[in-house]
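J.: Structure provided below as structure tokens; questions to follow.
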Amino acid sequence: MINITLPDGAVRQYESGTSALDIAKSISEGLARKVLAASVDGQVWDANRPITADANLKLLTWNDTDGQMTFWHSSAHLMAEAVESMFPGVKFWVGPALESPKGFYYDMDLGDRKMTEDDLAALEKKMNELAKQNSSYVRKELSKAEAVQYFTEKGDEYKLDLLSGLADGEITFYTQGNFTDLCRGPHIPNTGLIKAVKLTSIAGAYWKGDEKNKQLTRVYGVTFPSQKELDEHLAMLEEAKKRDHRKLGKELSIYTMSDDVGPGLILWMPNGTVIIEELEKLAKETELEAGYKRVVTPHIAKESMYLTSGHLPYYADSMFPPMEMDGEKYYLKAMNCPHHHKIFDAEPKSYRDMPYRIAEYGTCYRYEQSGELFGLMRVRCLHMNDAHIYCTKEQFAQEFKAVNDMYLKYFKIFGIEKYVMRLSLHDPEKLGQKYVNEPELWLETEDLVRKVLIETGVPFVEVKGEGAFYGPKIDVQIWSAIGREFTLATNQVDFAQSRSFKLSFTNQNNEPEIPLIIHRAPLGTHERFIGFLLEHYAGKLPLWLAPVQVKVLPISDKFLDYAKSVSDKLKKADIRSEVDDRNEKIGKKIRDTELLKVPYMLVVGEKEMTENKVAVRRQGKGDLGVKDVEQFLNEVVAEMKERRSE
RNA sequence: GCCGUUGUAGCUCAGUGGUAGAGCACUUCCUUGGUAAGGAAGAGGUCAAGGGUUCAAUUCCCUUUAACGGCUCCA
């Protein structure tokens, strides 16, 4: 007999070899029907795998993340079975479950054949048929030799490659129906639990994520234990699409693009430009207060400067090709730092000048790969909230922390809560290739940055191989409405460029000393930041950012003059106000203004005109009642000045 | 850059081997209406661009281009 401890602390006795599923049945049939997997002493197991020793047991259902992940991984196997029946001879690579976006994929080599989106419907149908057969997922342990022999006979180079990384004794196979796969598991008890299937897309994916390798076919899908849950999931995706900045950008006339101008080149319309100017106002105020000085630099520079900076060898491919002039090559700048270094270097510096902080909303051009362009989030012309801080080693920690604090201050203003701070480190194996070859400096500065992060008390993750070529950095990661990850803001250390540009200052001992440089962009780029804000606010921008803040809606054109006089009064107080002078009924005017997400609507008619008042309506909230014009004006000005997010 | 999908009016989208349609938006007229769509008429398109097949191509084929879903990349 073995002792099984349940999460509530109860200990039950069972025969050795009892499975989690058996245990569930002993508790209730209803529970047993819902069990997807089991956590056995903290490890996720098949629910039908025999337990032969005392253990802590937690039954995993759809309510557990691990239960869902097991469900989707098993669904990937089910899909593979369906694919194999329709494309005999197909070879599979890996098919993991995904937490975000929810579901799974399987990478496969279809040989000469092609799968198109038309095949997905047939595959779904096949998967549903196979699921209904209610086949068990059967686990089998094999020796490495047996496994190698099996896949050698099958001629499956992909699974052989996987095997080469596995040790004898840890190799398991799973079989359901006619499909057998090398897999560490675990799996759900049987295919019958999969009640609803949606294959979402088909895509190419390089084998092992390396573009030099063959491209495999990747099919994405998601499954649920009921049709209802699938429907809800699909409805949620539809909702998310409504927040997509590309949709909102069009609806709210924020930006546009033109084939004649070129891909990835944003044309900011008047509404978008208002947002840009408000953001710049915020940045300039904040930076002035933090001791930054502003500079302005040109859009181009000679090749030699980018050779000095070290950018060209790393990034030539993603810069626009050079223009030749007077026998010189000029590049559009892809970053502002070299220009700023030249400003630092223009006059001799002493320790008394340090830290030296210069800021610019710099316009940069990057030749991003065509397949990478994505609305406002990934573009070829970007306006960076850039600044460079040149400081002594002693000043570094304090300066770096001040930058971090600036991020947090901004995030508070915008109510940004869902983000991850990522400490991006170098990869020692790529020193001299992807990273400047200064092993000690890397470790030293990485440690400094880590300490600052710990001091700030912000949770962060560390990622090897994500650093810039000149030093470690902190990236702030966010997710777009449709779940794609982006770096919103960045705070970087640079110990390399001050050397390559021979930058120095005179220290207190009258000796030349090399400064450390901090590159920072807390508001990222206008493009990405505004794209993010549109999604973050679902288009309902706070008053201070709203392109049109107040719309005055006369009940009929009898009150047009009064509406105009109210609007003029607001404009004099720098409130962005407009009058809806169309010959429409008030209901129509309200509807259209609501859809344009204008924060305040002022309805004016007979009553308001005679009393010199306005009927205030807040977007999304409805009628707020009648107020004096002066009172409304004062309230709006206060809300604007405080940059309230509501 | 690679794999896949798509491109029809300002927007959202139907449709067809015989030179195009809806709703919204727009213009004009009627209506002067009190908190999410009043009515009528009108105007608006080289069907992404180029080439091919065909008596005839927006429709079929090829190339280019752009956008979208991924992969790779991201100073």
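Order determines the names: the first chain of the structure tokens is A, the second B, and so forth; residues in each chain are numbered 1 upward, and ligands are numbered 1 upward as they are shown.
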Please determine the contact residues of chain A with respect to chain B at a cut-off of 6 Å, counting only C-alpha atoms (C1' of nucleotides), and supply them as a tab-separated table (two decimals) with all heavy atoms, in the first residue's frame.

T.:
chain	number	residue	atom	x	y	z
A	203	ALA	N	2.23	28.54	-41.04
A	203	ALA	CA	3.35	29.46	-41.21
A	203	ALA	C	4.63	28.69	-41.44
A	203	ALA	O	4.71	27.50	-41.14
A	203	ALA	CB	3.50	30.34	-39.97
A	204	GLY	N	5.62	29.37	-41.96
A	204	GLY	CA	6.94	28.77	-42.09
A	204	GLY	C	7.71	29.02	-40.81
A	204	GLY	O	7.53	30.05	-40.18
A	205	ALA	N	8.56	28.09	-40.43
A	205	ALA	CA	9.39	28.29	-39.24
A	205	ALA	C	10.71	27.58	-39.49
A	205	ALA	O	10.72	26.40	-39.86
A	205	ALA	CB	8.70	27.75	-38.01
A	206	TYR	N	11.80	28.32	-39.33
A	206	TYR	CA	13.11	27.70	-39.57
A	206	TYR	C	13.38	26.61	-38.55
A	206	TYR	O	13.08	26.77	-37.36
A	206	TYR	CB	14.22	28.75	-39.49
A	206	TYR	CG	14.08	29.84	-40.52
A	206	TYR	CD1	13.73	31.12	-40.15
A	206	TYR	CD2	14.30	29.56	-41.87
A	206	TYR	CE1	13.60	32.12	-41.09
A	206	TYR	CE2	14.17	30.55	-42.81
A	206	TYR	CZ	13.82	31.83	-42.43
A	206	TYR	OH	13.69	32.82	-43.36
A	211	GLU	N	17.84	30.73	-39.41
A	211	GLU	CA	17.41	31.00	-40.79
A	211	GLU	C	18.29	30.33	-41.83
A	211	GLU	O	17.95	30.30	-43.01
A	211	GLU	CB	17.34	32.52	-41.05
A	211	GLU	CG	18.65	33.24	-40.93
A	211	GLU	CD	18.49	34.74	-41.20
A	211	GLU	OE1	17.63	35.08	-42.01
A	211	GLU	OE2	19.23	35.51	-40.59
A	556	SER	N	-29.82	72.19	-32.27
A	556	SER	CA	-30.17	72.49	-33.67
A	556	SER	C	-29.37	73.73	-34.07
A	556	SER	O	-28.73	74.35	-33.22
A	556	SER	CB	-31.66	72.75	-33.82
A	556	SER	OG	-31.94	74.07	-33.38
A	585	LYS	N	-29.47	65.30	-36.07
A	585	LYS	CA	-30.15	65.30	-34.77
A	585	LYS	C	-29.11	65.05	-33.68
A	585	LYS	O	-28.03	64.49	-33.93
A	585	LYS	CB	-31.22	64.21	-34.75
A	585	LYS	CG	-32.38	64.54	-35.66
A	585	LYS	CD	-33.31	63.38	-35.79
A	585	LYS	CE	-34.50	63.52	-34.87
A	585	LYS	NZ	-35.58	62.59	-35.21
A	588	LYS	N	-27.58	61.57	-33.20
A	588	LYS	CA	-26.59	61.23	-34.22
A	588	LYS	C	-25.24	61.88	-33.88
A	588	LYS	O	-24.18	61.26	-33.98
A	588	LYS	CB	-27.11	61.71	-35.57
A	588	LYS	CG	-26.13	61.63	-36.70
A	588	LYS	CD	-25.92	60.21	-37.14
A	588	LYS	CE	-25.20	60.20	-38.49
A	588	LYS	NZ	-24.61	58.89	-38.74
A	591	ARG	N	-23.68	60.02	-30.97
A	591	ARG	CA	-23.17	58.71	-31.40
A	591	ARG	C	-21.83	58.86	-32.11
A	591	ARG	O	-20.86	58.18	-31.79
A	591	ARG	CB	-24.18	58.04	-32.32
A	591	ARG	CG	-23.70	56.72	-32.85
A	591	ARG	CD	-24.70	56.09	-33.82
A	591	ARG	NE	-24.01	55.16	-34.71
A	591	ARG	CZ	-23.66	53.94	-34.34
A	591	ARG	NH1	-23.93	53.50	-33.15
A	591	ARG	NH2	-23.03	53.14	-35.19

J.: Compile the contact shell of A:Tyr331 as a PyMOL selection string: residues with an atom at most 12 Å away, counting only C-alpha atoms (C1' of nucleotides), same-chain residues fewer than 3 positions apart removed.

T.: chain A and resi 298-307+311-312+315-316+318-325+328+334-335+364-367

J.: Take the residues just selected and output them with N, CA and C atoms as a tab-separated table (two decimals), in the first residue's frame.

T.:
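As a result, part.tsv now contains:
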chain	number	residue	atom	x	y	z
A	298	PRO	N	21.79	66.44	-37.24
A	298	PRO	CA	21.28	66.13	-38.58
A	298	PRO	C	20.87	64.66	-38.75
A	299	HIS	N	20.19	64.40	-39.86
A	299	HIS	CA	19.69	63.05	-40.13
A	299	HIS	C	20.74	62.16	-40.77
A	300	ILE	N	21.84	62.73	-41.23
A	300	ILE	CA	22.83	61.91	-41.93
A	300	ILE	C	24.22	62.14	-41.35
A	301	ALA	N	25.11	61.21	-41.65
A	301	ALA	CA	26.52	61.36	-41.24
A	301	ALA	C	27.38	60.52	-42.15
A	302	LYS	N	28.68	60.86	-42.17
A	302	LYS	CA	29.62	60.13	-43.02
A	302	LYS	C	29.85	58.71	-42.52
A	303	GLU	N	30.21	57.87	-43.49
A	303	GLU	CA	30.50	56.48	-43.18
A	303	GLU	C	31.53	56.34	-42.07
A	304	SER	N	32.54	57.23	-42.12
A	304	SER	CA	33.66	57.07	-41.18
A	304	SER	C	33.18	57.11	-39.73
A	305	MET	N	32.13	57.91	-39.46
A	305	MET	CA	31.67	58.00	-38.09
A	305	MET	C	31.09	56.66	-37.63
A	306	TYR	N	30.39	55.98	-38.53
A	306	TYR	CA	29.80	54.69	-38.12
A	306	TYR	C	30.84	53.58	-38.10
A	307	LEU	N	31.97	53.81	-38.75
A	307	LEU	CA	33.08	52.86	-38.59
A	307	LEU	C	33.69	53.07	-37.22
A	311	HIS	N	29.15	50.68	-35.31
A	311	HIS	CA	27.81	50.24	-35.71
A	311	HIS	C	27.83	49.53	-37.06
A	312	LEU	N	28.61	50.07	-37.99
A	312	LEU	CA	28.54	49.54	-39.36
A	312	LEU	C	28.80	48.04	-39.45
A	315	TYR	N	25.60	46.43	-38.09
A	315	TYR	CA	24.24	46.77	-38.53
A	315	TYR	C	24.13	47.29	-39.97
A	316	ALA	N	25.21	47.13	-40.76
A	316	ALA	CA	25.16	47.67	-42.12
A	316	ALA	C	23.91	47.20	-42.86
A	318	SER	N	21.00	46.57	-41.82
A	318	SER	CA	19.72	47.16	-41.44
A	318	SER	C	19.79	48.68	-41.44
A	319	MET	N	20.78	49.23	-42.17
A	319	MET	CA	20.78	50.67	-42.41
A	319	MET	C	20.42	50.90	-43.87
A	320	PHE	N	19.80	52.03	-44.17
A	320	PHE	CA	19.54	52.35	-45.57
A	320	PHE	C	20.89	52.48	-46.27
A	321	PRO	N	20.97	52.03	-47.52
A	321	PRO	CA	22.27	52.08	-48.21
A	321	PRO	C	22.77	53.53	-48.34
A	322	PRO	N	24.09	53.68	-48.38
A	322	PRO	CA	24.67	55.03	-48.34
A	322	PRO	C	24.42	55.84	-49.61
A	323	MET	N	24.48	57.17	-49.45
A	323	MET	CA	24.44	58.09	-50.59
A	323	MET	C	25.86	58.56	-50.82
A	324	GLU	N	26.24	58.70	-52.07
A	324	GLU	CA	27.60	59.17	-52.39
A	324	GLU	C	27.55	60.66	-52.69
A	325	MET	N	28.44	61.40	-52.04
A	325	MET	CA	28.51	62.83	-52.31
A	325	MET	C	29.94	63.28	-52.15
A	328	GLU	N	32.36	60.96	-50.84
A	328	GLU	CA	32.15	60.46	-49.47
A	328	GLU	C	30.85	59.68	-49.44
A	334	ALA	N	20.88	55.73	-38.06
A	334	ALA	CA	20.01	54.70	-37.50
A	334	ALA	C	19.98	54.82	-35.99
A	335	MET	N	20.82	55.70	-35.48
A	335	MET	CA	20.88	55.93	-34.04
A	335	MET	C	21.47	57.32	-33.85
A	364	CYS	N	15.45	58.70	-36.63
A	364	CYS	CA	16.34	57.65	-37.09
A	364	CYS	C	15.67	56.82	-38.19
A	365	TYR	N	16.50	56.25	-39.06
A	365	TYR	CA	16.01	55.42	-40.15
A	365	TYR	C	16.65	54.05	-40.05
A	366	ARG	N	15.85	53.03	-40.03
A	366	ARG	CA	16.38	51.68	-39.98
A	366	ARG	C	15.72	50.86	-41.06
A	367	TYR	N	16.54	50.15	-41.82
A	367	TYR	CA	15.98	49.33	-42.89
A	367	TYR	C	15.57	47.98	-42.30

J.: Neighbouring residues of A:Asp623 were defined as those with any atom within 12 Å, considering only C-alpha atoms (C1' of nucleotides); residues of the same chain fewer than 2 positions away were excluded. Please report them as a PyMOL selection string.

T.: (chain A and resi 590+600-603+614-621+625-627) or (chain B and resi 34-35)

J.: So that I can check the surroundings of B:G45, please list as a list in words every protein, DNA and RNA residue that reaches within 10 Å of it, counting only C-alpha atoms (C1' of nucleotides) and ignoring chain neighbours fewer than 4 positions away.

T.: U8, A9 and A20 of chain B

J.: For atom CA of A:Pro439 and atom CA of A:Phe505, determine how far apart the two atoms are, in Å to one decimal place.

T.: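 These two atoms are separated by 24.1 Å.
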
J.: Please extract the residues of stretch 167-204 of chain A with a backbone DSSP assignment of strand (DSSP E) and present them as a PyMOL selection string.

T.: chain A and resi 172-176+179-182+196-204

J.: For the helix (DSSP H, G or I) assignment from backbone DSSP, which residues of stretch 18-238 of chain A qualify? Please present them as number ranges by chain.

T.: A: 20-27, 29-34, 65-86, 117-132, 144-154, 157-164, 191-193, 207-209, 227-238

J.: Provide the atom CA of A:Ile343 to atom CA of A:Gly524 distance in Å, to one decimal place.

T.: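 These two atoms are separated by 22.0 Å.
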
J.: Applying 6 Å and only C-alpha atoms (C1' of nucleotides), which residues near stretch 400-411 of chain A remain after dropping the ones on its own chain fewer than 5 positions away? List them as a PyMOL selection string.

T.: chain A and resi 416+452+522

J.: If you count only C-alpha atoms (C1' of nucleotides), which residues fall within 10 Å of B:G10, apart from same-chain ones fewer than 3 positions away, as a list in words?

T.: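 With the cut-off at 10 Å, the set is A25, C26 and G44 of chain B.
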
J.: Residues near stretch 264-268 of chain A, anyone? I mean within 12 Å using only C-alpha atoms (C1' of nucleotides), not counting same-chain ones fewer than 5 positions away, as an MDAnalysis selection string.

T.: (chainID A and resid 246 249:250 252:259 273:277 363:383 526:528 530:531) or (chainID B and resid 66:67)

J.: Using only C-alpha atoms, which of the listed residues (A:Phe532, A:Ala521, A:Gly95, A:Thr610) sits closest to A:Glu485?

T.: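 Selected residue with least distance to A:Glu485: A:Phe532.
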